[in-house]
Amino acid sequence: MSRLDRYIAERYPWLTRTRAVAGAFAIVLLIVAIWPHAQVVGEFVIATAIPGSIGAVGWALTYWSRARVEIGRRQLRYKSVRRIAGVAALACLPFLLTQRASIYLRSPHPFFSASDEDEHLHCYVAVARLEGDDGNRIGKQLLSALGSIDRRFFITPVILDRTIPVSGRAEENQHIEAITSIGNPTVRTLLWGGAKGDGSSAIGPLYHTALFGDAQFGGVFRPADFKLPELPLDELSVVLQLVVATATARSMEVWAYKFGDALEPLIKQVREMAKDPRKTSAWSPDTRARVNLTIGIALRTSAIEFLSEDSFRQAIAYFQATQTDWTREKNPLEWAMVQQNLGSTLCEVSILNLQASPLHEALTAHQNALAVYQAHSDQIDSANAQYLMGIVFQHMADHEAGTDSLRRAVDCYRTAIKGIEGKRYPFLWAAANKQLGTTLNALADRDGNSNEYEQAMAAFQAALRVYNWDLSLEQWADTQVELAESLQLLGEARSNADDLKQSIALSRQALEGFRRDSDPRRWAAIQATIGNELLSLNDIQPNPSYPEEAAAAFRDSLAEQSFKQDPMAWATAQDALGNALVAMGEASSDTAYFEQAIDAFNNALKVFRPDREPVPWARAKSDLGDALSDLGARGSGIRYLSEAVDNYHEALTVLTKDKLPSDWHKTQYNLGIALDELKQRGWKGS
């Protein structure tokens with residue numbers, strides 16, 4: 001026995017070799033569990049997983065008679081092979097299992113209960129080995145920075161053990177290689193590039209490439225548009241954290257996942273760094289512009305989460321500051337990228353405060369970007385600009401009574417679709433088709449052209465060739481519901497009950513993907529759609545159960561709607577509930593239903609205003625007139641009938657024959673009924 005062994009045996013008689021090995025094994029397992037993302041841990045797990053997997057396979061094969069024969073031919077005893085293979089598997093595989101379990105358990109689990117939903121939320125970020133990064137020192141620090149991002153973002157950094165060369169190659173070729181370098185479909189983002197700095201000086205070029213979806217961090221597609229600022233390593237790590245966290249937060253918006261204030265500490269840290277003259281004095285104009293762009297996009301993302309107009313305004317200020325360094329003359333493509341972000345943020349401000357004026361500024365910004373991209377023959381970014389302009393025109397139509405803005409939106413979407421290569425940019429292509437369908441529905445609703453419903457259905461069906469239940473459940477469901485709405489409106493226009501029944505079936509199929517507690521906003525929207533479809537079916541095939549089911553659906557929808565968070569959706573559901581109550585009153589002649597309907601329409605009119613949402617306001621006024629007219633016809637006196645006439649007249653100031661012929665005809669017809677009833681009661685008005 002050696003002197004060391006003798007000393008340990010005398011000092012620690014309880015510490016046998018077996019206990020020492022078991023203790024070391026437990027300590028290493030604990031380290032793997034505590035730091036599952038660490039570089040050393042990752043390499044250790046890979047090194048042990050290989051012999052562990054071989055051992056597990058070998059152990060399993062010893063139970064196969066043919067394998068045992070082959071083992072015997074090699075003058076080995078299969079029981080010894082089984083024992084050795086089993087020990088190797090037991091000694092090595094626990095590290096891999098512990099790492100994966102730790103990553104899973106340390107990730108927050110929101111309202112989703114099924115593991116596949118968690119996987120949709122999870123964002124794997126691959127970090128390639130940087131060109132010129134000897135020993136992967138810089139890559140390891142960037143990986144460590146990503147691993148420390150707030151766990152509410154579900155970010156898991158992984159290593160891509162290859163280098164994507166950046167020296168002496170066109171950016172486009174680099175980008176194509178970056179996209180094709182990842183074979184794992186769970187990886188959504190790749191960080192790659194070069195490390196020309198030594199850590200204390202600026203490092204770069206470094207790129208942030210999205211692998212799932214189409215648009216990059218800056219909202220457009222050229223490689224230069226997702227290039228990170230060249231900064232010293234410590235500063236770059238903080239900016240990189242904000243870039244990745246913001247991109248992940250934006251993807252989570254689709255899943256209605258609330259990340260709360262998780263972005264705020266990172267935004268504050270980068271803003272303070274951008275204000276520090278000791279740091280910024282060494283920054284180039286391009287670096288300063290990219291940092292300001294990063295902060296602006298993060299503020300806009302946070303503003304959407306909190307519905308904060310102040311954060312939107314701050315984001316706009318950062319975008320404007322960016323353009324002091326990137327000018328249209330010197331940096332036209334970068335300037336256009338900022339114009340697009342500025343336009344999208346102004347559009348969000350309009351949606352939040354229900355004002356039309358920011359939309360005109362947004363349109364100008366997108367038109368500026370489009371002019372630059374067209375001048376540089378940049379097809380995909382030109383198409384993206386057309387798509388964003390279509391969104392602006394769509395929102396403009398909400399503040400107008402005619403169809404001009406809707407028609408311009410349709411033209412923009414069709415132009416965008418022609419310019420988008422569906423195989424390379426499937427999600428942008430699908431989004432443009434979906435928005436085209438939505439706009440065609442609205443256009444047909446106003447101009448009474450039922451052929452536009454069929455065109456809308458074709459657009460939705462095109463989008464559904466990209467969206468599917470497995471990879472894009474939310475987009476699939478939203479598009480499915482809009483397809484159902486097209487069928488509903490077409491069924492109304494052609495008095496076809498089969499179309500309406502099919503639309504209800506499609507909406508209920510979409511509803512199956514969402515529990516009320518998991519995605520209340522989307523669940524409420526689908527319930528409202530089903531309610532409208534039931535009312536349309538009742539118009540063609542009257543059945544007292546249809547309006548009752550519709551009213552129940554609208555009440556369920558309103559239970560999950562917030563007047564403060566989404567006043568337009570709340571008011572729209574109130575107006576729809578009023579229509580269901582009117583139908584229930586007509587079926588039962590119970591005046592209580594008409595009184596409840598009047599309350600619902602008045603609730604909707606607390607939000608709808610003639611100067612802001614003229615068409616919804618006028619339709620709610622016409623609907624209120626219907627409820628008052630029905631109530632007045634079933635009672636004595638002329639009060640309710642007189643109020644109905646006043647509401648019809650107000651509605652007709654917007655629902656004119658030239659702009660909204662279908663609404664004009666319906667309102668004029670009901671006005672005539674109310675006037676006839678008044679005259680029969682001796683009314684002498686005009």
# chains A, B, ... in the order shown; residues from 1 in each chain; ligands from 1

$ residues_around --residues "stretch 343-356 of chain A" --least-positions-apart "6" --cutoff "9 Å" --atoms "only C-alpha atoms" --output "VMD selection string"
chain A and resid 297 300 304 307 to 309 312 to 313 315 to 316 362 to 366 388 to 389 391 to 392 395 to 396 398 to 399 566 568 612 to 613

$ residues_around --residues "A:Thr248" --least-positions-apart "4" --cutoff "9 Å" --atoms "only C-alpha atoms" --output "compact mmCIF listing (two decimals) with N, CA, C and O atoms, in the first residue's frame"
# COMPACT_ATOMS: atom_id res chain seq x y z
N LEU A 121 -42.33 26.59 -28.28
CA LEU A 121 -41.86 27.80 -27.64
C LEU A 121 -40.35 27.82 -27.49
O LEU A 121 -39.73 28.87 -27.47
N HIS A 122 -39.74 26.65 -27.36
CA HIS A 122 -38.31 26.58 -27.10
C HIS A 122 -37.53 27.11 -28.29
O HIS A 122 -37.85 26.82 -29.44
N CYS A 123 -36.49 27.89 -28.01
CA CYS A 123 -35.66 28.46 -29.07
C CYS A 123 -34.23 27.98 -28.90
O CYS A 123 -33.55 28.35 -27.94
N PHE A 153 -37.60 33.15 -21.80
CA PHE A 153 -37.48 33.13 -23.26
C PHE A 153 -37.19 31.74 -23.81
O PHE A 153 -37.06 31.57 -25.02
N PHE A 154 -37.02 30.74 -22.95
CA PHE A 154 -36.82 29.35 -23.41
C PHE A 154 -35.63 29.21 -24.36
O PHE A 154 -35.66 28.42 -25.28
N ILE A 155 -34.58 29.99 -24.16
CA ILE A 155 -33.44 29.97 -25.07
C ILE A 155 -32.42 28.93 -24.60
O ILE A 155 -32.00 28.93 -23.44
N VAL A 243 -30.50 41.20 -28.70
CA VAL A 243 -30.93 40.82 -30.05
C VAL A 243 -31.65 39.48 -30.03
O VAL A 243 -32.76 39.33 -30.57
N VAL A 244 -31.05 38.47 -29.40
CA VAL A 244 -31.63 37.13 -29.39
C VAL A 244 -32.91 37.09 -28.57
O VAL A 244 -33.91 36.48 -28.97
N MET A 252 -42.61 34.57 -30.05
CA MET A 252 -43.57 34.10 -29.04
C MET A 252 -44.90 34.84 -29.12
O MET A 252 -45.90 34.36 -28.59
N GLU A 253 -44.90 36.03 -29.75
CA GLU A 253 -46.16 36.76 -29.90
C GLU A 253 -47.19 35.91 -30.63
O GLU A 253 -48.39 35.95 -30.34

$ select_by_dssp --residues "stretch 137-257 of chain A" --states "helix (DSSP H, G or I)" --output "VMD selection string"
chain A and resid 137 to 147 151 to 153 171 to 180 223 to 226 233 to 253

$ write_last_selection --atoms "C-alpha atoms" --output "PDB file, in the first residue's frame"
ATOM      1  CA  ARG A 137     -12.485  31.663 -26.700  1.00  0.00           C
ATOM      2  CA  ILE A 138     -14.842  34.309 -28.066  1.00  0.00           C
ATOM      3  CA  GLY A 139     -17.439  31.725 -29.075  1.00  0.00           C
ATOM      4  CA  LYS A 140     -17.442  30.270 -25.556  1.00  0.00           C
ATOM      5  CA  GLN A 141     -18.122  33.679 -23.993  1.00  0.00           C
ATOM      6  CA  LEU A 142     -20.952  34.393 -26.436  1.00  0.00           C
ATOM      7  CA  LEU A 143     -22.391  30.963 -25.685  1.00  0.00           C
ATOM      8  CA  SER A 144     -22.176  31.682 -21.952  1.00  0.00           C
ATOM      9  CA  ALA A 145     -23.917  35.055 -22.446  1.00  0.00           C
ATOM     10  CA  LEU A 146     -26.784  33.390 -24.299  1.00  0.00           C
ATOM     11  CA  GLY A 147     -27.113  30.758 -21.577  1.00  0.00           C
ATOM     12  CA  ARG A 151     -35.449  31.674 -18.704  1.00  0.00           C
ATOM     13  CA  ARG A 152     -38.837  33.072 -19.704  1.00  0.00           C
ATOM     14  CA  PHE A 153     -37.479  33.130 -23.259  1.00  0.00           C
ATOM     15  CA  GLU A 171     -22.325  38.130 -48.110  1.00  0.00           C
ATOM     16  CA  GLU A 172     -25.066  36.362 -50.061  1.00  0.00           C
ATOM     17  CA  ASN A 173     -22.941  33.217 -50.402  1.00  0.00           C
ATOM     18  CA  GLN A 174     -22.062  33.314 -46.719  1.00  0.00           C
ATOM     19  CA  HIS A 175     -25.730  33.621 -45.820  1.00  0.00           C
ATOM     20  CA  ILE A 176     -26.760  30.690 -48.045  1.00  0.00           C
ATOM     21  CA  GLU A 177     -24.094  28.490 -46.450  1.00  0.00           C
ATOM     22  CA  ALA A 178     -25.255  29.586 -42.981  1.00  0.00           C
ATOM     23  CA  ILE A 179     -28.852  28.611 -43.731  1.00  0.00           C
ATOM     24  CA  THR A 180     -27.891  25.236 -45.185  1.00  0.00           C
ATOM     25  CA  PRO A 223     -27.323  39.784 -45.002  1.00  0.00           C
ATOM     26  CA  ALA A 224     -26.190  43.304 -44.083  1.00  0.00           C
ATOM     27  CA  ASP A 225     -29.583  43.871 -42.498  1.00  0.00           C
ATOM     28  CA  PHE A 226     -28.935  41.281 -39.784  1.00  0.00           C
ATOM     29  CA  LEU A 233     -16.518  41.315 -26.461  1.00  0.00           C
ATOM     30  CA  ASP A 234     -18.115  42.417 -23.173  1.00  0.00           C
ATOM     31  CA  GLU A 235     -20.284  45.030 -24.913  1.00  0.00           C
ATOM     32  CA  LEU A 236     -21.094  42.678 -27.784  1.00  0.00           C
ATOM     33  CA  SER A 237     -22.266  39.997 -25.335  1.00  0.00           C
ATOM     34  CA  VAL A 238     -24.863  42.360 -23.839  1.00  0.00           C
ATOM     35  CA  VAL A 239     -26.122  43.555 -27.243  1.00  0.00           C
ATOM     36  CA  LEU A 240     -26.265  39.958 -28.465  1.00  0.00           C
ATOM     37  CA  GLN A 241     -28.394  38.981 -25.470  1.00  0.00           C
ATOM     38  CA  LEU A 242     -30.873  41.748 -26.338  1.00  0.00           C
ATOM     39  CA  VAL A 243     -30.932  40.821 -30.046  1.00  0.00           C
ATOM     40  CA  VAL A 244     -31.626  37.125 -29.391  1.00  0.00           C
ATOM     41  CA  ALA A 245     -34.115  37.771 -26.568  1.00  0.00           C
ATOM     42  CA  THR A 246     -36.018  40.290 -28.719  1.00  0.00           C
ATOM     43  CA  ALA A 247     -36.139  37.965 -31.725  1.00  0.00           C
ATOM     44  CA  THR A 248     -37.398  35.154 -29.497  1.00  0.00           C
ATOM     45  CA  ALA A 249     -40.000  37.408 -27.880  1.00  0.00           C
ATOM     46  CA  ARG A 250     -41.314  38.417 -31.310  1.00  0.00           C
ATOM     47  CA  SER A 251     -41.727  34.776 -32.315  1.00  0.00           C
ATOM     48  CA  MET A 252     -43.565  34.097 -29.044  1.00  0.00           C
ATOM     49  CA  GLU A 253     -46.159  36.757 -29.899  1.00  0.00           C
TER      50      GLU A 253
END

$ closest_residue --among "A:Asn532, A:Gln541, A:Ser148, A:Gln374" --to "A:Phe554" --atoms "only C-alpha atoms"
A:Asn532

$ residues_around --residues "A:Asn368" --least-positions-apart "2" --cutoff "12 Å" --atoms "only C-alpha atoms" --output "VMD selection string"
chain A and resid 328 332 to 333 335 to 343 361 to 366 370 to 375 382 385 to 386 389

$ closest_residue --among "A:Asp133, A:Glu43, A:Thr294, A:Arg522" --to "A:Val158" --atoms "only C-alpha atoms"
A:Glu43

$ closest_residue --among "A:Arg66, A:Lys275, A:Lys196, A:Arg508" --to "A:Ile295" --atoms "only C-alpha atoms"
A:Lys275

$ residues_around --residues "stretch 126-129 of chain A" --least-positions-apart "2" --cutoff "6 Å" --atoms "only C-alpha atoms" --output "PyMOL selection string"
chain A and resi 157-160+162-163+190-192

$ select_by_dssp --residues "stretch 126-198 of chain A" --states "strand (DSSP E)" --output "list of chain:residue names"
A:Ala126, A:Val127, A:Ala128, A:Arg129, A:Ile155, A:Thr156, A:Pro157, A:Val158, A:Ile159, A:Leu160, A:Asp161, A:Arg162, A:Thr163, A:Val187, A:Arg188, A:Thr189, A:Leu190, A:Leu191, A:Trp192, A:Gly193

$ write_last_selection --atoms "N, CA, C and O atoms" --output "PDB file, in the first residue's frame"
ATOM      1  N   ALA A 126     -27.916  28.252 -32.255  1.00  0.00           N
ATOM      2  CA  ALA A 126     -26.631  27.629 -32.551  1.00  0.00           C
ATOM      3  C   ALA A 126     -25.569  28.702 -32.731  1.00  0.00           C
ATOM      4  O   ALA A 126     -25.796  29.722 -33.382  1.00  0.00           O
ATOM      5  N   VAL A 127     -24.407  28.468 -32.138  1.00  0.00           N
ATOM      6  CA  VAL A 127     -23.269  29.380 -32.280  1.00  0.00           C
ATOM      7  C   VAL A 127     -22.175  28.644 -33.043  1.00  0.00           C
ATOM      8  O   VAL A 127     -21.614  27.663 -32.541  1.00  0.00           O
ATOM      9  N   ALA A 128     -21.917  29.095 -34.265  1.00  0.00           N
ATOM     10  CA  ALA A 128     -20.860  28.473 -35.063  1.00  0.00           C
ATOM     11  C   ALA A 128     -19.497  28.940 -34.570  1.00  0.00           C
ATOM     12  O   ALA A 128     -19.369  29.982 -33.919  1.00  0.00           O
ATOM     13  N   ARG A 129     -18.469  28.166 -34.873  1.00  0.00           N
ATOM     14  CA  ARG A 129     -17.105  28.598 -34.553  1.00  0.00           C
ATOM     15  C   ARG A 129     -16.763  29.792 -35.439  1.00  0.00           C
ATOM     16  O   ARG A 129     -16.942  29.741 -36.655  1.00  0.00           O
ATOM     17  N   ILE A 155     -34.584  29.989 -24.157  1.00  0.00           N
ATOM     18  CA  ILE A 155     -33.437  29.966 -25.069  1.00  0.00           C
ATOM     19  C   ILE A 155     -32.421  28.931 -24.604  1.00  0.00           C
ATOM     20  O   ILE A 155     -32.001  28.935 -23.444  1.00  0.00           O
ATOM     21  N   THR A 156     -32.036  28.048 -25.509  1.00  0.00           N
ATOM     22  CA  THR A 156     -31.003  27.057 -25.232  1.00  0.00           C
ATOM     23  C   THR A 156     -29.894  27.207 -26.275  1.00  0.00           C
ATOM     24  O   THR A 156     -30.116  26.939 -27.458  1.00  0.00           O
ATOM     25  N   PRO A 157     -28.702  27.675 -25.866  1.00  0.00           N
ATOM     26  CA  PRO A 157     -27.606  27.786 -26.827  1.00  0.00           C
ATOM     27  C   PRO A 157     -26.945  26.438 -27.071  1.00  0.00           C
ATOM     28  O   PRO A 157     -26.780  25.636 -26.149  1.00  0.00           O
ATOM     29  N   VAL A 158     -26.593  26.176 -28.308  1.00  0.00           N
ATOM     30  CA  VAL A 158     -25.908  24.937 -28.671  1.00  0.00           C
ATOM     31  C   VAL A 158     -24.726  25.286 -29.575  1.00  0.00           C
ATOM     32  O   VAL A 158     -24.664  26.372 -30.144  1.00  0.00           O
ATOM     33  N   ILE A 159     -23.796  24.355 -29.700  1.00  0.00           N
ATOM     34  CA  ILE A 159     -22.584  24.591 -30.485  1.00  0.00           C
ATOM     35  C   ILE A 159     -22.745  23.986 -31.878  1.00  0.00           C
ATOM     36  O   ILE A 159     -23.176  22.844 -32.019  1.00  0.00           O
ATOM     37  N   LEU A 160     -22.394  24.772 -32.896  1.00  0.00           N
ATOM     38  CA  LEU A 160     -22.264  24.241 -34.249  1.00  0.00           C
ATOM     39  C   LEU A 160     -20.767  24.096 -34.503  1.00  0.00           C
ATOM     40  O   LEU A 160     -20.045  25.095 -34.630  1.00  0.00           O
ATOM     41  N   ASP A 161     -20.295  22.870 -34.554  1.00  0.00           N
ATOM     42  CA  ASP A 161     -18.860  22.620 -34.633  1.00  0.00           C
ATOM     43  C   ASP A 161     -18.366  22.738 -36.074  1.00  0.00           C
ATOM     44  O   ASP A 161     -17.866  21.776 -36.667  1.00  0.00           O
ATOM     45  N   ARG A 162     -18.535  23.924 -36.630  1.00  0.00           N
ATOM     46  CA  ARG A 162     -18.006  24.215 -37.962  1.00  0.00           C
ATOM     47  C   ARG A 162     -17.887  25.722 -38.114  1.00  0.00           C
ATOM     48  O   ARG A 162     -18.522  26.491 -37.390  1.00  0.00           O
ATOM     49  N   THR A 163     -17.060  26.137 -39.037  1.00  0.00           N
ATOM     50  CA  THR A 163     -16.852  27.552 -39.303  1.00  0.00           C
ATOM     51  C   THR A 163     -17.442  27.902 -40.660  1.00  0.00           C
ATOM     52  O   THR A 163     -17.261  27.157 -41.633  1.00  0.00           O
ATOM     53  N   VAL A 187     -33.341  23.979 -34.353  1.00  0.00           N
ATOM     54  CA  VAL A 187     -32.517  25.186 -34.228  1.00  0.00           C
ATOM     55  C   VAL A 187     -33.157  26.299 -35.043  1.00  0.00           C
ATOM     56  O   VAL A 187     -33.378  26.155 -36.240  1.00  0.00           O
ATOM     57  N   ARG A 188     -33.465  27.412 -34.390  1.00  0.00           N
ATOM     58  CA  ARG A 188     -34.183  28.498 -35.063  1.00  0.00           C
ATOM     59  C   ARG A 188     -33.283  29.664 -35.435  1.00  0.00           C
ATOM     60  O   ARG A 188     -33.651  30.481 -36.269  1.00  0.00           O
ATOM     61  N   THR A 189     -32.139  29.798 -34.760  1.00  0.00           N
ATOM     62  CA  THR A 189     -31.273  30.942 -34.998  1.00  0.00           C
ATOM     63  C   THR A 189     -29.824  30.480 -35.042  1.00  0.00           C
ATOM     64  O   THR A 189     -29.429  29.606 -34.269  1.00  0.00           O
ATOM     65  N   LEU A 190     -29.038  31.077 -35.934  1.00  0.00           N
ATOM     66  CA  LEU A 190     -27.617  30.761 -36.037  1.00  0.00           C
ATOM     67  C   LEU A 190     -26.809  32.047 -35.910  1.00  0.00           C
ATOM     68  O   LEU A 190     -27.094  33.045 -36.568  1.00  0.00           O
ATOM     69  N   LEU A 191     -25.775  32.014 -35.055  1.00  0.00           N
ATOM     70  CA  LEU A 191     -24.823  33.111 -34.937  1.00  0.00           C
ATOM     71  C   LEU A 191     -23.519  32.650 -35.570  1.00  0.00           C
ATOM     72  O   LEU A 191     -23.005  31.580 -35.223  1.00  0.00           O
ATOM     73  N   TRP A 192     -22.996  33.432 -36.475  1.00  0.00           N
ATOM     74  CA  TRP A 192     -21.804  33.034 -37.213  1.00  0.00           C
ATOM     75  C   TRP A 192     -21.053  34.275 -37.660  1.00  0.00           C
ATOM     76  O   TRP A 192     -21.552  35.393 -37.558  1.00  0.00           O
ATOM     77  N   GLY A 193     -19.834  34.080 -38.141  1.00  0.00           N
ATOM     78  CA  GLY A 193     -19.066  35.208 -38.648  1.00  0.00           C
ATOM     79  C   GLY A 193     -17.600  35.073 -38.337  1.00  0.00           C
ATOM     80  O   GLY A 193     -17.053  33.971 -38.242  1.00  0.00           O
TER      81      GLY A 193
END

$ closest_residue --among "A:Leu537, A:Leu97, A:Ala401, A:Ala60" --to "A:Thr656" --atoms "only C-alpha atoms"
A:Ala401

$ closest_residue --among "A:Glu650, A:Asp478, A:Glu131, A:Asp630" --to "A:Ala674" --atoms "only C-alpha atoms"
A:Asp630

$ residues_around --residues "A:Ala416" --least-positions-apart "6" --cutoff "10 Å" --atoms "only C-alpha atoms" --output "list of chain:residue names"
A:Gln379, A:Ile380, A:Asp381, A:Ser382, A:Ala383, A:Asn384, A:Ala385, A:Gln386, A:Tyr387, A:Leu388, A:Met389, A:Gly390, A:Val410, A:Leu428, A:Trp429, A:Ala432, A:Asn433, A:Leu436

$ residues_around --residues "A:Thr287" --least-positions-apart "5" --cutoff "9 Å" --atoms "only C-alpha atoms" --output "compact mmCIF listing (two decimals) with N, CA and C atoms, in the first residue's frame"
# COMPACT_ATOMS: atom_id res chain seq x y z
N LEU A 228 -24.62 42.20 -36.81
CA LEU A 228 -24.57 42.78 -35.48
C LEU A 228 -23.51 43.88 -35.41
N PRO A 229 -23.65 44.82 -34.47
CA PRO A 229 -22.64 45.88 -34.36
C PRO A 229 -21.28 45.32 -33.95
N GLU A 230 -20.21 45.90 -34.47
CA GLU A 230 -18.86 45.46 -34.13
C GLU A 230 -18.42 46.17 -32.86
N LEU A 231 -18.33 45.40 -31.77
CA LEU A 231 -18.06 45.94 -30.44
C LEU A 231 -17.04 45.06 -29.72
N ASN A 292 -28.52 51.50 -31.88
CA ASN A 292 -29.80 52.22 -31.79
C ASN A 292 -30.94 51.42 -32.42

$ atom_distance --atom1 "atom CA of A:Gly402" --atom2 "atom CA of A:Ala497"
29.4 Å

$ closest_residue --among "A:Gln480, A:Thr322, A:Ser495, A:Ser167" --to "A:Gly194" --atoms "only C-alpha atoms"
A:Ser167
